[in-house]
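Working notes, beginning with the structure itself.
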Amino acid sequence: MNKKLIMLVLAFVLVLAACGGAATPAAPAPADPGAATAPPAPEAGDDGLRPVRLASHNAVVEGNSFRIRYELDIQEAAAAAADHGFAVSYASFVANWDAALEVQQLQNSINEGYDFILVNPVSVTGLDPVIERAREAGILYINANNIYISPGAGVLNVGSNQFEQGYLTAREAGRVLGPGARVIMMAAREGNAASELRQRGFEAGIEEEQLVVVHESFHDWNYTQATERMLEILNAGVEFDGILVSQNANALIDAFEITGTPLPRFIGYHDGGNFMLQMIELNREERVIDFMMLSNSPGVGGTALNIGLHQMLGRELRADLPYWSDTWDDVIALLLPNSIWMTYDDSWDGRSIFDWEDEARRLGSDVPTHWWTFEDAGAHFFY
Amino acid sequence: MAQVRESFSRFRRTPAFTGFVLFTFALTLNVILQGPANFFSPNSLGILFSSNMPFLIIVIAQGVLLMSGTMDISIGIQLALVNVVTIMTVQEWGLSFVMGSLFGVAAAIVASVVLWVLISVIRLPDLLAGFAMTYVIRGVNVFIMNIPQGTVARPFWQAYSSLLLGFIPASIIALAVVLAIWAYLKRTPFGTHVYAVGANPQNAFAAGISPVKVQLQAFMIKGLFTGIAGICLTLMTASGNPLQAEDWGLRSLAAAIIGGFTFGGWGTIACAVFGAGFLVMIQNSVYFLFNWLANVIPGLMVTSFWHNFIADSIIFLGLLTTIITVRGQREALRINLEKKYMKRGESIA
Amino acid sequence: MHNSAVLRPITNLFGKVSGFANRNPTRMAIILGLGLYAFTVFQVPGAFSVQAISTLFMMTLLLSFASAGQTMVLIGGGMDFTVGAVMSVAAMITTSIMRGEDGRFLQAFAVCMLLGAAVGFINGVCTTKVGLPALVVTLAIGNVVTRMSYLVTAGTPVGRVGPAFASSVIYRHFGFIPSLALYALILFPLVFYILYRSRFGRQLYLVGNNPEAARLCGINVNKIKTISYMISGMLSAFTGMLGVGMLQASRNQMFDAYAYQSLIAVVVGGTSFAGGVGTYGGTIAGSMVMVMLNNMLTALNLSQRVREITLGLVLVLILVMYNRRKGVRQ
């Protein structure tokens with residue numbers, strides 16, 4: 001019974017292979033991995049623009065306003081590249097947090113002969129074999145947002161400084177609350193690299209400001225779970241002055257509204273227009289709660305695209321940039337400062353928080369973003 | 001001709017028929033979208049096998065449990081357990097990769113035996129026992145490895161993704177090992193008892209087969225296969241991550257059911273292969289569908305929401321089509337099967 | 001089975017507890033829930049307050065609403081894994097229709113009920129006709145529903161619930177009775193009536209207990225099962241509305257965790273996977289156990305890994321007391 005089955009399958013595969021073989025000569029120039037080892041063809045198209053086929057690979061997009069904006073920013077940056085002699089075509093692929101699917105998709109993109117692969121990876125390791133194949137095929141491979149820490153992979157990373165996000169938040173908490181203040185610290189996810197880095201940032205700031213952590217929790221980047229955890233912390237009768245949370249601060253505010261508990265004196269951080277609006281509304285009459293709005297800017301993808309375009313022109317990255325050498329050796333990571341932030345007293349462009357109301361309403365759950373333009377990236381990051 | 005027709009009608013009544021039809025459909029779709037020349041290039045086939053081997057093998061492992069009338073949805077996170085144990089024993093204890101792999105396999109077998117105790121001995125509902133153990137194993141994984149890290153020596157992962165003789169994907173060796181183990185097991189009493197226990201444990205027990213013992217064997221085999229799949233995953237990614245593959249618990253179950261398994265006593269390894277193949281081919285087809293669209297329609301920027309929607313809709317429709325192929329024959333066959341194995345069981349008793 | 005002399009007293013005690021749990025699952029669940037809370041208060045004295053009890057009451061109610069449909073489906077011998085997906089989609093529909101105005105409540109309610117009934121109908125037809133396990137079929141349907149919600153909302157659902165509707169959920173009468181309890185005054189009697197007083201309820205138990213016998217009695221088994229899925233869909237949709245009334249703004253997949261949570265609450269309440277056995281009273285108590293368990297784990301201030309291991313082990317322990325399938329020798 002089984003033998004017949006195997007034979008049937010074999011027969012089927014052979015028939016298909018035969019069809020494939022017959023079709024080969026007719027197929028219009030099938031992608032030949034051998035031919036791709038040469039660097040991408042520099043000649044321009046009919047419109048005088050150099051064609052660049054970009055494949056953006058993302059771990060997840062669904063349910064993640066950061067990543068939705070990340071993809072949109074890449075699209076905008078791709079469209080803007082037309083002014084600088086590039087016709088960038090954009091295709092995006094999502095692996096749904098599935099490392100195997102991600103590898104498969106990346107390998108497909110290498111086979112399909114994309115010129116530029118931009119990856120926001122599922123995990124901070126696990127793509128060494130893929131990166132090597134891309135390099136052999138002469139494809140430009142940049143890793144964006146989630147820093148790829150596998151030692152010796154030799155891949156360029158472009159990401160936001162996650163450590164700094166935790167650190168700045170804890171410093172602001174210390175400035176507002178003063179030394180000895182009690183804080184709750186809520187991580188995103190144990191075992192996740194970005195979350196761990198932010199935790200380290202929190203801890204460094206806590207030590208400098210002499211804050212006391214009275215309770216620790218986590219929210220798995222899940223909004224509903226964040227509210228539930230906060231409700232349970234309130235149930236436990238923990239006394240605290242402020243909250244340090246790895247994003248999703250607005251979900252925690254909901255827990256205070258549901259229970260009618262008085263707000264803490266400080267909360268941070270979160271990005272997103274709805275958090276800004278929440279803070280504006282709470283503080284409208286009088287100063288009720290201090291906060292840290294900090295954008296883990298989704299524009300890293302757009303920035304990475306522009307950096308890659310300069311690399312395609314053969315330019316060399318500067319050596320004196322804020323590269324990462326802290327935790328992992330041999331990791332080439334360009335860490336962008338977190339340039340969009342806002343506290344009760346100050347903001348990144350000096351405007352008062354109340355001037356931001358319309359903008360915050362427009363944003364909704366979207367995140368304020370910033371990406372380096374082609375000119376800026378060229379001026380700042382290259383010789 | 002009559003012979004061909006007869007053997008086809010016999011094949012139609014095997015459990016794998018549904019999975020075969022669906023798999024053929026998905027494969028054809030993939031080949032058309034990717035282009036036959038590209039699809040059948042050794043390189044592309046090699047990648048197809050190497051990156052999907054872990055999933056394929058755990059669907060087989062899940063299938064073995066389904067045959068014996070139970071299941072394990074924590075199988076996905078167990079894959080991560082094998083991964084972190086392998087990487088960390090190599091990194092922290094300085095073991096060779098092969099020794100580390102053995103520890104990884106052992107961890108999967110231990111986890112499987114724990115599940116066996118909960119499901120077969122204490123008789124907890126298998127779905128909820130698997131759910132609870134997913135939490136436990138995830139916590140253990142983070143204890144072993146607190147952050148993604150580690151690496152596998154280059155020769156190992158290069159060998160895994162290489163092509164033997166220039167066209168045979170090396171990862172197929174893992175599948176061959178699994179199939180060889182199964183071919184051997186099929187000849188042992190376990191090979192028949194597992195169906196008897198899965199179809200009707202009471203009758204099996206009456207016939208002198210111990211369901212608890214047979215399920216222990218099934219769980220250990222599942223653990224061994226999970227270990228092999230975990231090593232494949234480790235070789236594929238060449239590093240460790242404590243939080244990966246968790247979704248594969250339910251996905252492997254869905255793949256096995258699509259391939260033709262039911263909960264107990266019905267289904268063959270071919271079902272698992274076709275079921276897993278169907279899911280993989282659909283996902284791959286969706287990649288090439290959108291890749292093709294992006295080429296055909298310049299400036300098209302489709303959100304990835306469409307990818308998932310189309311993939312999941314096809315999977316759902318695939319489930320629905322099983323109604324056409326399976327209905328009617330399944331019940332009749334199961335009765336036949338029970339009769340057959342019960343007779344043997346009685347003679348053993 | 002393999003009792004040694006040392007283990008015998010322990011297994012005897014456990015046998016007694018287990019026997020009690022199986023005879024009185026509701027009472028056992030109440031004892032367990034209160035026990036967990038007592039332990040929490042013993043460890044963290046601050047956890048005992050009117051405020052906390054009020055919040056716990058509210059969370060228990062929400063989970064018990066979400067589990068009501070699941071109870072019926074399990075009694076009928078099925079399983080509904082779309083509970084979370086339907087709740088999330090109903091939440092998104094509610095905020096996008098209401099857009100902060102209470103006047104549109106009825107519109108939102110009508111659309112949500114339609115959605116719940118439609119998904120339930122598809123669940124019912126697919127599980128009864130396809131003949132595949134309900135777990136896998138409803139999982140696949142739930143996935144499609146979730147994916148569709150992303151297409152429609154583009155990943156960023158809009159709007160808010162109306163302020164009056166929100167306070168009808170979170171307002172606390174006399175400072176401690178959550179307003180959500182008023183919904184329970186309608187929902188609980190409704191569910192009890194359907195299960196214990198209506199003809200449908202009696203037929204549902206029969207269908208779950210022995211579909212063959214039910215068929216011989218002239219009951220349309222598939223119809224009864226499909227209706228149970230439809231009721232489950234509508235109850236999930238309504239719970240989704242109440243849930244977003246609490247959180248006010250909606251997100252994709254916001255209530256997905258309720259698929260498993262409801263399943264465990266129902267099983268802890270004494271409803272069996274085999275069908276034909278179970279009570280809604282037990283489910284309410286089971287919901288309390290789940291809420292108390294999560295509350296305890298947070299109060300104990302554990303790291304995530306320790307928390308997850310503890311949660312898994314406690315769930316195993318609770319399951320061991322309950323709902324063991326019959327052994328082959330019994």
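Chains: A, B, ... in order of the structure tokens. Residues: from 1 per chain. Ligands: from 1, in order shown.
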Where does chain B meet chain A within 6 Å, residue by residue, with the nearest atom pair and distance in Å to one decimal for each, counting only C-alpha atoms, listed by chain and rising number, as a tab-separated table?
residue	atom	partner	partner_atom	distance
B:Pro36	CA	A:Gly20	CA	4.4
B:Ala37	CA	A:Gly20	CA	5.1
B:Ser51	CA	A:Ala100	CA	5.5
B:Val142	CA	A:Gly191	CA	5.9
B:Asn146	CA	A:Gly191	CA	5.0
B:Ile147	CA	A:Gly191	CA	4.4
B:Thr237	CA	A:Gly126	CA	3.8
B:Ala238	CA	A:Gly126	CA	5.3
B:Ser239	CA	A:Gly126	CA	5.0
Next, write the just-selected residues to a file, as a PDB file, in the first residue's frame, keeping N, CA and C atoms as the atom set.
ATOM      1  N   PRO B  36       8.122  26.230 -12.806  1.00  0.00           N
ATOM      2  CA  PRO B  36       8.681  24.888 -12.617  1.00  0.00           C
ATOM      3  C   PRO B  36      10.196  24.901 -12.595  1.00  0.00           C
ATOM      4  N   ALA B  37      10.819  25.697 -13.466  1.00  0.00           N
ATOM      5  CA  ALA B  37      12.279  25.684 -13.537  1.00  0.00           C
ATOM      6  C   ALA B  37      12.894  26.110 -12.216  1.00  0.00           C
ATOM      7  N   SER B  51      14.516  24.109   5.409  1.00  0.00           N
ATOM      8  CA  SER B  51      13.835  25.024   6.333  1.00  0.00           C
ATOM      9  C   SER B  51      12.514  24.455   6.835  1.00  0.00           C
ATOM     10  N   VAL B 142      13.554  29.585  29.527  1.00  0.00           N
ATOM     11  CA  VAL B 142      14.150  30.880  29.859  1.00  0.00           C
ATOM     12  C   VAL B 142      15.135  30.728  31.014  1.00  0.00           C
ATOM     13  N   ASN B 146      18.564  32.762  29.116  1.00  0.00           N
ATOM     14  CA  ASN B 146      17.731  33.920  29.457  1.00  0.00           C
ATOM     15  C   ASN B 146      17.529  34.877  28.294  1.00  0.00           C
ATOM     16  N   ILE B 147      18.301  34.725  27.249  1.00  0.00           N
ATOM     17  CA  ILE B 147      18.206  35.640  26.111  1.00  0.00           C
ATOM     18  C   ILE B 147      18.746  34.888  24.889  1.00  0.00           C
ATOM     19  N   THR B 237      19.017  27.211  12.231  1.00  0.00           N
ATOM     20  CA  THR B 237      19.178  28.582  12.701  1.00  0.00           C
ATOM     21  C   THR B 237      20.577  28.832  13.253  1.00  0.00           C
ATOM     22  N   ALA B 238      21.317  27.763  13.527  1.00  0.00           N
ATOM     23  CA  ALA B 238      22.688  27.873  14.013  1.00  0.00           C
ATOM     24  C   ALA B 238      22.809  28.702  15.285  1.00  0.00           C
ATOM     25  N   SER B 239      21.750  28.730  16.099  1.00  0.00           N
ATOM     26  CA  SER B 239      21.814  29.485  17.346  1.00  0.00           C
ATOM     27  C   SER B 239      20.638  29.096  18.232  1.00  0.00           C
TER      28      SER B 239
END
Might you pull out every residue within 7 Å of Ile267 of chain A, with only C-alpha atoms counted and same-chain residues fewer than 6 positions away left off, and present them as a list in words?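 With the cut-off at 7 Å, the set is Gly242, Ile243, Leu244, Ala249, Asp290, Phe291 and Met292 of chain A.
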List the spatial neighbours of Phe176 of chain C as a list in words - criterion: any atom at most 12 Å away, only C-alpha atoms, same-chain residues fewer than 3 positions off excluded.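 The neighbour list is Ile258, Thr259 and Gly260 of chain A; Ser49, Val50, Gln51, Ala52, Ile53, Ser54, Thr55, Leu56, Phe57, Met58, Ile170, Tyr171, Arg172, His173, Ser179, Leu180 and Ala181 of chain C.
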Which residue of A:Pro298, A:Gly63, A:Gly174, A:Gly314 approaches chain C most closely, using only C-alpha atoms: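 With only C-alpha atoms as the atom set, the closest residue is A:Gly63.
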Contact residues around segment 304-314 of chain B with only C-alpha atoms at 6 Å, ignoring same-chain residues under 6 positions, as a PyMOL selection string: chain C and resi 144+147+151
Save out the residues we just selected, all heavy atoms, as a CSV table (one decimal), in the first residue's frame.
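Saved file out_26.csv follows:
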chain,number,residue,atom,x,y,z
C,144,VAL,N,-9.4,32.6,10.5
C,144,VAL,CA,-9.9,33.3,9.4
C,144,VAL,C,-10.6,34.6,9.9
C,144,VAL,O,-10.4,35.7,9.3
C,144,VAL,CB,-10.8,32.5,8.5
C,144,VAL,CG1,-11.4,33.3,7.4
C,144,VAL,CG2,-10.1,31.3,7.9
C,147,ARG,N,-7.9,37.1,10.9
C,147,ARG,CA,-7.2,37.7,9.7
C,147,ARG,C,-8.1,38.7,9.0
C,147,ARG,O,-7.7,39.7,8.5
C,147,ARG,CB,-6.9,36.6,8.7
C,147,ARG,CG,-6.0,35.5,9.2
C,147,ARG,CD,-4.7,36.0,9.9
C,147,ARG,NE,-3.8,35.0,10.1
C,147,ARG,CZ,-2.8,35.1,10.9
C,147,ARG,NH1,-2.6,36.2,11.6
C,147,ARG,NH2,-2.0,34.1,11.1
C,151,LEU,N,-7.7,42.8,7.9
C,151,LEU,CA,-8.0,43.4,6.6
C,151,LEU,C,-8.9,44.6,6.7
C,151,LEU,O,-8.7,45.7,6.1
C,151,LEU,CB,-8.6,42.4,5.6
C,151,LEU,CG,-7.7,41.4,5.1
C,151,LEU,CD1,-8.5,40.5,4.1
C,151,LEU,CD2,-6.6,42.0,4.3
Between A:Asn306, A:Ser365, A:Ser297, A:Gln247, which residue has the minimum interatomic distance to chain C, considering only C-alpha atoms?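 Closest candidate: A:Ser365.
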Closest-contact table, chain C side, partner chain B, 9 Å, counting only C-alpha atoms, as JSON lines:
{"residue": "C:Cys126", "atom": "CA", "partner": "B:Leu320", "partner_atom": "CA", "distance": 7.4}
{"residue": "C:Lys129", "atom": "CA", "partner": "B:Ile323", "partner_atom": "CA", "distance": 7.4}
{"residue": "C:Val130", "atom": "CA", "partner": "B:Ile323", "partner_atom": "CA", "distance": 4.9}
{"residue": "C:Gly131", "atom": "CA", "partner": "B:Ile323", "partner_atom": "CA", "distance": 7.2}
{"residue": "C:Leu132", "atom": "CA", "partner": "B:Thr262", "partner_atom": "CA", "distance": 7.2}
{"residue": "C:Pro133", "atom": "CA", "partner": "B:Thr262", "partner_atom": "CA", "distance": 7.4}
{"residue": "C:Val136", "atom": "CA", "partner": "B:Ala254", "partner_atom": "CA", "distance": 5.9}
{"residue": "C:Val137", "atom": "CA", "partner": "B:Leu319", "partner_atom": "CA", "distance": 7.3}
{"residue": "C:Leu139", "atom": "CA", "partner": "B:Ala254", "partner_atom": "CA", "distance": 8.7}
{"residue": "C:Ala140", "atom": "CA", "partner": "B:Phe316", "partner_atom": "CA", "distance": 5.5}
{"residue": "C:Ile141", "atom": "CA", "partner": "B:Phe316", "partner_atom": "CA", "distance": 6.7}
{"residue": "C:Asn143", "atom": "CA", "partner": "B:Asp312", "partner_atom": "CA", "distance": 6.6}
{"residue": "C:Val144", "atom": "CA", "partner": "B:Asp312", "partner_atom": "CA", "distance": 5.8}
{"residue": "C:Val145", "atom": "CA", "partner": "B:Phe309", "partner_atom": "CA", "distance": 8.9}
{"residue": "C:Thr146", "atom": "CA", "partner": "B:Phe309", "partner_atom": "CA", "distance": 8.5}
{"residue": "C:Arg147", "atom": "CA", "partner": "B:Phe309", "partner_atom": "CA", "distance": 5.0}
{"residue": "C:Met148", "atom": "CA", "partner": "B:Phe309", "partner_atom": "CA", "distance": 6.4}
{"residue": "C:Tyr150", "atom": "CA", "partner": "B:Phe305", "partner_atom": "CA", "distance": 6.2}
{"residue": "C:Leu151", "atom": "CA", "partner": "B:Phe305", "partner_atom": "CA", "distance": 5.9}
{"residue": "C:Ala154", "atom": "CA", "partner": "B:Phe305", "partner_atom": "CA", "distance": 7.7}
{"residue": "C:Gly155", "atom": "CA", "partner": "B:Phe305", "partner_atom": "CA", "distance": 8.2}
{"residue": "C:Tyr260", "atom": "CA", "partner": "B:Phe131", "partner_atom": "CA", "distance": 8.4}
{"residue": "C:Leu263", "atom": "CA", "partner": "B:Leu128", "partner_atom": "CA", "distance": 8.5}
{"residue": "C:Ile264", "atom": "CA", "partner": "B:Leu128", "partner_atom": "CA", "distance": 7.4}
{"residue": "C:Phe273", "atom": "CA", "partner": "B:Pro125", "partner_atom": "CA", "distance": 7.5}
{"residue": "C:Gln304", "atom": "CA", "partner": "B:Gly139", "partner_atom": "CA", "distance": 7.4}
{"residue": "C:Arg305", "atom": "CA", "partner": "B:Gly139", "partner_atom": "CA", "distance": 4.2}
{"residue": "C:Val306", "atom": "CA", "partner": "B:Gly139", "partner_atom": "CA", "distance": 6.5}
{"residue": "C:Arg307", "atom": "CA", "partner": "B:Gly139", "partner_atom": "CA", "distance": 7.8}
{"residue": "C:Glu308", "atom": "CA", "partner": "B:Tyr135", "partner_atom": "CA", "distance": 5.1}
{"residue": "C:Ile309", "atom": "CA", "partner": "B:Val136", "partner_atom": "CA", "distance": 4.0}
{"residue": "C:Thr310", "atom": "CA", "partner": "B:Val136", "partner_atom": "CA", "distance": 7.3}
{"residue": "C:Leu311", "atom": "CA", "partner": "B:Tyr135", "partner_atom": "CA", "distance": 7.0}
{"residue": "C:Gly312", "atom": "CA", "partner": "B:Ala132", "partner_atom": "CA", "distance": 4.3}
{"residue": "C:Leu313", "atom": "CA", "partner": "B:Val136", "partner_atom": "CA", "distance": 6.9}
{"residue": "C:Val314", "atom": "CA", "partner": "B:Ala132", "partner_atom": "CA", "distance": 8.5}
{"residue": "C:Leu315", "atom": "CA", "partner": "B:Ala132", "partner_atom": "CA", "distance": 6.1}
{"residue": "C:Val316", "atom": "CA", "partner": "B:Ala132", "partner_atom": "CA", "distance": 6.4}
{"residue": "C:Leu319", "atom": "CA", "partner": "B:Leu124", "partner_atom": "CA", "distance": 6.5}
{"residue": "C:Val320", "atom": "CA", "partner": "B:Leu124", "partner_atom": "CA", "distance": 6.4}
{"residue": "C:Tyr322", "atom": "CA", "partner": "B:Leu124", "partner_atom": "CA", "distance": 8.4}
{"residue": "C:Asn323", "atom": "CA", "partner": "B:Leu124", "partner_atom": "CA", "distance": 7.3}
{"residue": "C:Arg324", "atom": "CA", "partner": "B:Leu124", "partner_atom": "CA", "distance": 5.3}
{"residue": "C:Arg325", "atom": "CA", "partner": "B:Arg123", "partner_atom": "CA", "distance": 5.6}
{"residue": "C:Lys326", "atom": "CA", "partner": "B:Arg123", "partner_atom": "CA", "distance": 7.7}
{"residue": "C:Gly327", "atom": "CA", "partner": "B:Arg123", "partner_atom": "CA", "distance": 7.4}
{"residue": "C:Val328", "atom": "CA", "partner": "B:Gln202", "partner_atom": "CA", "distance": 5.0}
{"residue": "C:Arg329", "atom": "CA", "partner": "B:Gln202", "partner_atom": "CA", "distance": 7.4}
For a quick test of understanding: name the residues of chain A lying within 9 Å of chain C when counting only C-alpha atoms, and present them as a PyMOL selection string. chain A and resi 61-65+68+189-190+215-218+222-225+227-229+231-238+251+254-255+257-261+364-366
For Val83 of chain C, which of C:Gly218, C:Gly208, C:Gly124, C:Gly233 is the closest residue, counting only C-alpha atoms?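 Ranking C:Gly218, C:Gly208, C:Gly124, C:Gly233 by distance to Val83 of chain C, first place goes to C:Gly233.
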